[in-house]
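Chemist: File name model.cif; file contents mmCIF, C-alpha atoms; full text below.
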```
data_start
#
loop_
_atom_site.label_atom_id
_atom_site.label_comp_id
_atom_site.auth_asym_id
_atom_site.auth_seq_id
_atom_site.Cartn_x
_atom_site.Cartn_y
_atom_site.Cartn_z
CA PRO D 38 0.00 0.00 0.00
CA MET D 39 0.91 3.65 -0.42
CA ALA D 40 1.57 4.23 3.29
CA THR D 41 4.20 1.49 3.33
CA ALA D 42 5.81 2.83 0.14
CA ALA D 43 5.94 6.32 1.69
CA ALA D 44 7.50 4.93 4.87
CA GLU D 45 10.10 3.03 2.82
CA ALA D 46 10.91 6.23 0.90
CA CYS D 47 11.39 8.09 4.19
CA LEU D 48 13.87 5.47 5.36
CA ARG D 49 15.65 5.66 2.00
CA LYS D 50 16.08 9.43 2.43
CA GLY D 51 17.54 9.00 5.91
CA LEU D 52 14.46 10.16 7.81
CA LYS D 53 13.30 8.49 11.01
CA LEU D 54 9.88 6.94 11.24
CA ALA D 55 7.81 7.58 14.33
CA PRO D 56 7.59 4.42 16.42
CA SER D 57 3.77 4.63 16.34
CA ALA D 58 1.21 5.28 13.63
CA MET D 59 -2.55 5.60 13.33
CA THR D 60 -4.38 2.87 11.43
CA GLY D 61 -8.02 2.07 10.66
CA PRO D 62 -10.54 1.79 13.50
CA ASP D 63 -11.14 -1.91 12.83
CA VAL D 64 -7.47 -2.92 12.55
CA GLU D 65 -6.05 -4.80 15.52
CA PRO D 66 -3.14 -3.04 17.26
CA MET D 67 0.13 -4.58 16.07
CA ILE D 68 3.76 -3.88 15.38
CA ILE D 69 4.87 -3.91 11.75
CA THR D 70 8.37 -3.77 10.35
CA VAL D 71 8.90 -1.32 7.51
CA TYR D 72 11.79 -2.49 5.35
CA ASP D 73 13.37 -0.54 2.49
CA PRO D 74 14.86 -3.04 0.03
CA VAL D 75 17.07 -0.39 -1.59
CA THR D 76 19.01 0.59 1.56
CA SER D 77 18.20 -2.43 3.76
CA LYS D 78 17.08 0.02 6.48
CA SER D 79 14.14 -0.98 8.61
CA ALA D 80 12.02 0.34 11.46
CA ASP D 81 9.36 -1.14 13.70
CA VAL D 82 6.12 0.82 13.91
CA LYS D 83 3.27 0.19 16.34
CA LEU D 84 -0.12 0.57 14.64
CA ILE D 85 -2.75 2.19 16.86
CA PRO D 86 -6.40 2.04 15.73
CA SER D 87 -7.92 5.47 15.03
CA SER D 88 -10.72 4.58 17.46
CA ASN D 89 -8.17 4.73 20.31
CA LYS D 90 -7.96 8.55 20.42
CA GLU D 91 -6.51 8.82 23.93
CA GLU D 92 -3.56 6.54 23.16
CA LEU D 93 -2.97 8.41 19.90
CA LYS D 94 -3.04 11.82 21.63
CA SER D 95 -0.66 10.61 24.33
CA THR D 96 1.67 9.15 21.70
CA ILE D 97 1.69 12.38 19.70
CA GLU D 98 2.50 14.47 22.78
CA GLY D 99 5.32 12.08 23.67
CA LEU D 100 6.72 12.28 20.14
CA LYS D 101 6.54 16.09 20.13
CA THR D 102 8.52 16.11 23.37
CA SER D 103 11.12 13.56 22.29
CA CYS D 104 11.81 14.69 18.73
CA GLY D 105 10.63 18.28 18.74
CA GLU D 106 7.25 19.71 17.78
CA LYS D 107 8.51 20.99 14.41
CA LYS D 108 10.04 17.64 13.44
CA LEU D 109 6.85 15.60 13.49
CA LEU D 110 4.63 15.10 10.45
CA ALA D 111 1.81 12.66 9.66
CA ILE D 112 1.68 11.01 6.25
CA ASP D 113 -1.85 9.77 5.63
CA TYR D 114 -2.99 7.32 2.94
CA THR D 115 -6.18 6.21 4.60
CA HIS D 116 -9.55 4.85 3.57
CA PRO D 117 -11.83 7.47 1.94
CA SER D 118 -14.30 7.17 4.83
CA ALA D 119 -11.63 8.31 7.31
CA VAL D 120 -10.36 11.38 5.43
CA ASN D 121 -12.36 14.05 7.26
CA GLY D 122 -12.08 12.52 10.72
CA ASN D 123 -8.31 12.05 10.39
CA ALA D 124 -7.81 15.62 9.16
CA LEU D 125 -9.80 17.00 12.11
CA PHE D 126 -7.71 14.85 14.45
CA TYR D 127 -4.48 16.30 13.01
CA VAL D 128 -5.83 19.85 13.23
CA GLU D 129 -7.00 19.38 16.85
CA ASN D 130 -3.60 17.93 17.81
CA LYS D 131 -1.62 20.55 15.88
CA LEU D 132 0.07 17.87 13.78
CA PRO D 133 1.02 18.93 10.22
CA PHE D 134 0.11 16.29 7.67
CA VAL D 135 0.43 15.11 4.10
CA MET D 136 -2.73 13.42 2.82
CA GLY D 137 -2.66 11.42 -0.38
CA THR D 138 -6.10 9.90 -0.04
CA THR D 139 -9.08 10.64 -2.23
CA GLY D 140 -12.66 10.63 -1.05
CA GLY D 141 -14.38 12.15 1.90
CA ASP D 142 -16.00 15.57 1.75
CA ARG D 143 -13.24 17.52 -0.04
CA GLU D 144 -14.81 20.95 0.50
CA LYS D 145 -15.16 20.31 4.24
CA LEU D 146 -11.63 18.90 4.37
CA LEU D 147 -10.14 22.02 2.80
CA SER D 148 -12.37 24.31 4.85
CA ASP D 149 -11.43 22.63 8.15
CA VAL D 150 -7.71 22.88 7.41
CA GLU D 151 -7.82 26.43 6.05
CA SER D 152 -10.05 27.82 8.82
CA ALA D 153 -7.61 26.43 11.42
CA ASN D 154 -4.67 27.92 9.48
CA HIS D 155 -3.14 24.44 9.67
CA PHE D 156 -0.16 23.20 7.66
CA ALA D 157 -1.09 20.39 5.27
CA VAL D 158 -0.40 19.06 1.80
CA ILE D 159 -3.52 17.48 0.31
CA ALA D 160 -3.32 15.92 -3.15
CA PRO D 161 -4.81 12.83 -4.78
CA ASN D 162 -1.42 11.79 -6.13
CA MET D 163 2.12 12.43 -4.91
CA ALA D 164 4.10 10.84 -7.77
CA LYS D 165 6.04 13.61 -9.50
CA GLN D 166 5.50 12.11 -12.95
CA ILE D 167 1.72 12.03 -12.47
CA VAL D 168 1.67 15.53 -11.00
CA ALA D 169 3.67 16.78 -14.03
CA MET D 170 1.26 15.04 -16.42
CA GLN D 171 -1.74 16.56 -14.61
CA ALA D 172 -0.18 20.04 -14.79
CA ALA D 173 0.48 19.61 -18.52
CA LEU D 174 -3.12 18.49 -19.15
CA GLU D 175 -4.50 21.40 -17.10
CA ASP D 176 -2.32 23.79 -19.12
CA LEU D 177 -3.51 22.28 -22.42
CA ALA D 178 -7.14 22.49 -21.30
CA THR D 179 -6.71 26.17 -20.42
CA LYS D 180 -4.86 27.11 -23.60
CA TYR D 181 -6.70 24.89 -26.10
CA PRO D 182 -10.25 24.23 -24.92
CA GLY D 183 -12.16 22.07 -27.37
CA ALA D 184 -9.00 20.89 -29.15
CA PHE D 185 -10.21 17.27 -28.96
CA ALA D 186 -13.80 18.05 -29.98
CA GLY D 187 -15.40 15.22 -31.92
CA TYR D 188 -13.43 12.49 -30.15
CA LYS D 189 -14.92 9.94 -27.76
CA LEU D 190 -13.26 9.74 -24.33
CA ALA D 191 -12.52 6.57 -22.39
CA CYS D 192 -10.68 6.28 -19.12
CA ARG D 193 -9.39 3.22 -17.28
CA GLU D 194 -7.63 3.45 -13.97
CA SER D 195 -5.95 0.59 -12.18
CA HIS D 196 -5.15 0.22 -8.48
CA GLN D 197 -4.64 -2.44 -5.87
CA LYS D 198 -7.81 -4.35 -5.01
CA THR D 199 -8.15 -2.55 -1.65
CA LYS D 200 -8.65 0.88 -3.28
CA ALA D 201 -12.23 1.73 -2.33
CA ASP D 202 -13.07 4.65 -4.58
CA THR D 203 -12.37 6.11 -7.99
CA SER D 204 -8.85 7.46 -8.36
CA GLY D 205 -8.51 11.18 -7.73
CA THR D 206 -5.88 11.21 -10.46
CA ALA D 207 -8.36 9.74 -12.95
CA LYS D 208 -10.93 12.38 -11.92
CA ALA D 209 -8.38 15.18 -12.44
CA VAL D 210 -7.43 13.79 -15.85
CA ILE D 211 -11.10 13.65 -16.84
CA ASP D 212 -11.63 17.24 -15.67
CA SER D 213 -8.93 18.39 -18.09
CA LEU D 214 -9.95 16.11 -20.96
CA THR D 215 -13.59 17.19 -20.81
CA GLN D 216 -12.43 20.81 -21.25
CA LEU D 217 -10.44 19.69 -24.29
CA SER D 218 -13.35 17.77 -25.82
CA ASP D 219 -17.08 18.01 -26.32
CA ASP D 220 -17.75 14.52 -24.94
CA GLU D 221 -20.27 14.18 -22.09
CA PHE D 222 -17.87 11.95 -20.14
CA THR D 223 -18.42 11.82 -16.34
CA TYR D 224 -16.65 10.23 -13.39
CA ASP D 225 -19.21 7.42 -13.50
CA ASP D 226 -17.81 6.46 -16.93
CA ILE D 227 -14.33 5.74 -15.52
CA GLU D 228 -13.57 2.02 -15.68
CA MET D 229 -12.03 0.94 -12.39
CA ILE D 230 -9.68 -2.04 -12.53
CA ARG D 231 -8.67 -3.54 -9.21
CA ASP D 232 -5.69 -5.91 -9.33
CA ASP D 233 -4.12 -8.16 -6.71
#
```
Go through the file and emit its structure as structure tokens.
Modeler:
Amino acid sequence: PMATAAAEACLRKGLKLAPSAMTGPDVEPMIITVYDPVTSKSADVKLIPSSNKEELKSTIEGLKTSCGEKKLLAIDYTHPSAVNGNALFYVENKLPFVMGTTGGDREKLLSDVESANHFAVIAPNMAKQIVAMQAALEDLATKYPGAFAGYKLACRESHQKTKADTSGTAKAVIDSLTQLSDDEFTYDDIEMIRDD
């Protein structure tokens, strides 16, 4: 999953992982080992269910004390149903965060973060190649609206089988392509492929 890949990338860059992390409310507490195959670095991380707010708050306060308040950041690739609740938790606990999850009530998410003047990076995709492609498509759509008029759109997006909703990246691509075309393509027309 994306959270594990992000944790591996942090290890690869020489960053330390917090010894505890929030997980889904229905996940049993456990300790996982994050292993980066490139550098052979590893770290054990205790997963705490999001339903255990008191343990999470206590853990965050302990981490702020031990590593410094400005050196702690949450990286969140959660289930779409947890997006808004997790963001509010980070805001209430003054924990900056990066959220790469789609879903939830996006307007409320942005409003909650902005009204609290909270530091956060919220994007449906963090891969630089995808972000560059999205920027290029947005630029094309702005400069050349209707350039693909008369063409029929189709969109397939593929993710791991645990991905619960339509890809935010696919939605962003469709937003740009519909400006470039005259097709009545909607998010409901995106073909979702879920692989093992």
Chemist: For the PyMOL selection byres ((chain D and resi 186-193) around 9), applied here, can you spell out every residue it catches as a ChimeraX atom specification?
Modeler: /D:182-185,194-195,207,210-211,214-215,217-222,226-230
Chemist: Just checking: using all atoms listed in the file, which residue out of D:Thr139, D:Thr179, D:Thr70, D:Gln171 ends up closest to Thr203 in chain D?
Modeler: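 The answer is D:Thr139, which sits nearest to Thr203 in chain D.
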Chemist: Run the PyMOL selection byres ((chain D and resi 54) around 8) mentally over the shown coordinates, then write out the matched residues as a VMD selection string, using the chain letters and numbers from the document.
Modeler: chain D and resid 44 47 to 48 52 to 53 55 to 56 80 82
Chemist: Can you write out as a Markdown table which residues of range 188-207 of chain D fall within 12 Å of range 143-160 of chain D, alongside each residue's closest atom pair and its distance in Å to one decimal, counting all atoms listed in the file and ordering rows by chain and ascending residue number?
Modeler:
```
| residue | atom | partner | partner_atom | distance |
| --- | --- | --- | --- | --- |
| D:Ser204 | CA | D:Ala160 | CA | 11.4 |
| D:Gly205 | CA | D:Ala160 | CA | 8.4 |
| D:Thr206 | CA | D:Ala160 | CA | 9.1 |
```
Chemist: Name the residues that the PyMOL selection byres ((chain D and resi 39) around 12) picks from the file above, as a ChimeraX atom specification, using the file's chain letters and numbers.
Modeler: /D:38,40-46,112-116,136-138,161-164,196-197,199-200
Chemist: To one decimal place, how far is CA of Asp73 in chain D from CA of Leu110 in chain D in Å?
Modeler: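 Answer for the CA of Asp73 in chain D to CA of Leu110 in chain D separation: 19.6 Å.
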Chemist: Would you please work out which residue, of D:Met170, D:Asp176, D:Thr223, D:Phe126, is nearest to Glu91 in chain D when using all atoms listed in the file?
Modeler: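 Of the candidates, the smallest distance to Glu91 in chain D is held by D:Phe126.
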Chemist: Which is closest to Asn130 in chain D among D:Ser77, D:Asn89, D:Thr96, D:Ser57, if we use all atoms listed in the file?
Modeler: D:Thr96
Chemist: Would you compute the box with edges along x, y and z of the file around range 53-56 of chain D, including every atom the file lists for it and 3 Å extra on each side, and give its centre and edge lengths in Å to one decimal, as JSON?
Modeler:
```
{"center_x": 10.4, "center_y": 6.5, "center_z": 13.7, "size_x": 11.7, "size_y": 10.1, "size_z": 11.4}
```
Chemist: Determine, counting only C-alpha atoms, which protein, DNA and RNA residues have an atom within 9 Å of an atom of Ala111 in chain D; residues of the same chain fewer than 4 positions away are not included. Present the result as a list in words.
Modeler: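 In the requested form, the answer reads Ala58, Tyr127, Leu132, Pro133, Phe134, Val135 and Met136 of chain D.
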Chemist: Identify which of the residues D:Lys78, D:Asp233, D:Lys94, D:Lys180 lies closest to Val128 in chain D, counting only C-alpha atoms when measuring atom-to-atom distances.
Modeler: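 Ranked by minimum distance to Val128 in chain D, first place goes to D:Lys94.
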Chemist: CA of Lys90 in chain D and CA of Leu109 in chain D are how many Å apart?
Modeler: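 Pair CA of Lys90 in chain D / CA of Leu109 in chain D returns 17.8 Å.
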Chemist: Could you give me, as an NGL selection string, the residues that have an atom at most 6 Å away from the point (-13.1, 5.7, -3.0) in the coordinates of the file, using all atoms listed in the file?
Modeler: :D and (117 or 140 or 201-203)
Chemist: Take CA of Asp63 in chain D and CA of Asp81 in chain D and report the distance between them in Å, one decimal.
Modeler: 20.5 Å
Chemist: Because the input lacks atoms here, generate N, CA and C atoms for range 54-66 of chain D and report them as a short mmCIF file (atom, residue, chain, number, x, y, z; two decimals), in the coordinates of the input.
Modeler:
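Contents of result.cif, as written:
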```
data_model
loop_
_atom_site.label_atom_id
_atom_site.label_comp_id
_atom_site.auth_asym_id
_atom_site.auth_seq_id
_atom_site.Cartn_x
_atom_site.Cartn_y
_atom_site.Cartn_z
N LEU D 54 11.32 7.16 11.12
CA LEU D 54 9.88 6.94 11.24
C LEU D 54 9.50 7.02 12.71
N ALA D 55 8.32 7.58 12.97
CA ALA D 55 7.81 7.58 14.33
C ALA D 55 7.57 6.13 14.74
N PRO D 56 7.77 5.81 15.99
CA PRO D 56 7.59 4.42 16.42
C PRO D 56 6.12 3.99 16.51
N SER D 57 5.20 4.93 16.29
CA SER D 57 3.77 4.63 16.34
C SER D 57 3.08 5.32 15.18
N ALA D 58 1.98 4.71 14.73
CA ALA D 58 1.21 5.28 13.63
C ALA D 58 -0.26 4.95 13.81
N MET D 59 -1.12 5.83 13.28
CA MET D 59 -2.55 5.60 13.33
C MET D 59 -2.96 4.69 12.17
N THR D 60 -3.84 3.76 12.45
CA THR D 60 -4.38 2.87 11.43
C THR D 60 -5.90 2.88 11.52
N GLY D 61 -6.56 2.10 10.69
CA GLY D 61 -8.02 2.07 10.66
C GLY D 61 -8.64 1.66 11.98
N PRO D 62 -9.89 2.07 12.22
CA PRO D 62 -10.54 1.79 13.50
C PRO D 62 -10.78 0.30 13.75
N ASP D 63 -10.85 -0.49 12.68
CA ASP D 63 -11.14 -1.91 12.83
C ASP D 63 -9.89 -2.79 12.74
N VAL D 64 -8.72 -2.17 12.64
CA VAL D 64 -7.47 -2.92 12.55
C VAL D 64 -6.97 -3.20 13.97
N GLU D 65 -6.58 -4.43 14.21
CA GLU D 65 -6.05 -4.80 15.52
C GLU D 65 -4.71 -4.09 15.75
N PRO D 66 -4.46 -3.63 16.97
CA PRO D 66 -3.14 -3.04 17.26
C PRO D 66 -2.05 -4.09 16.99
#
```
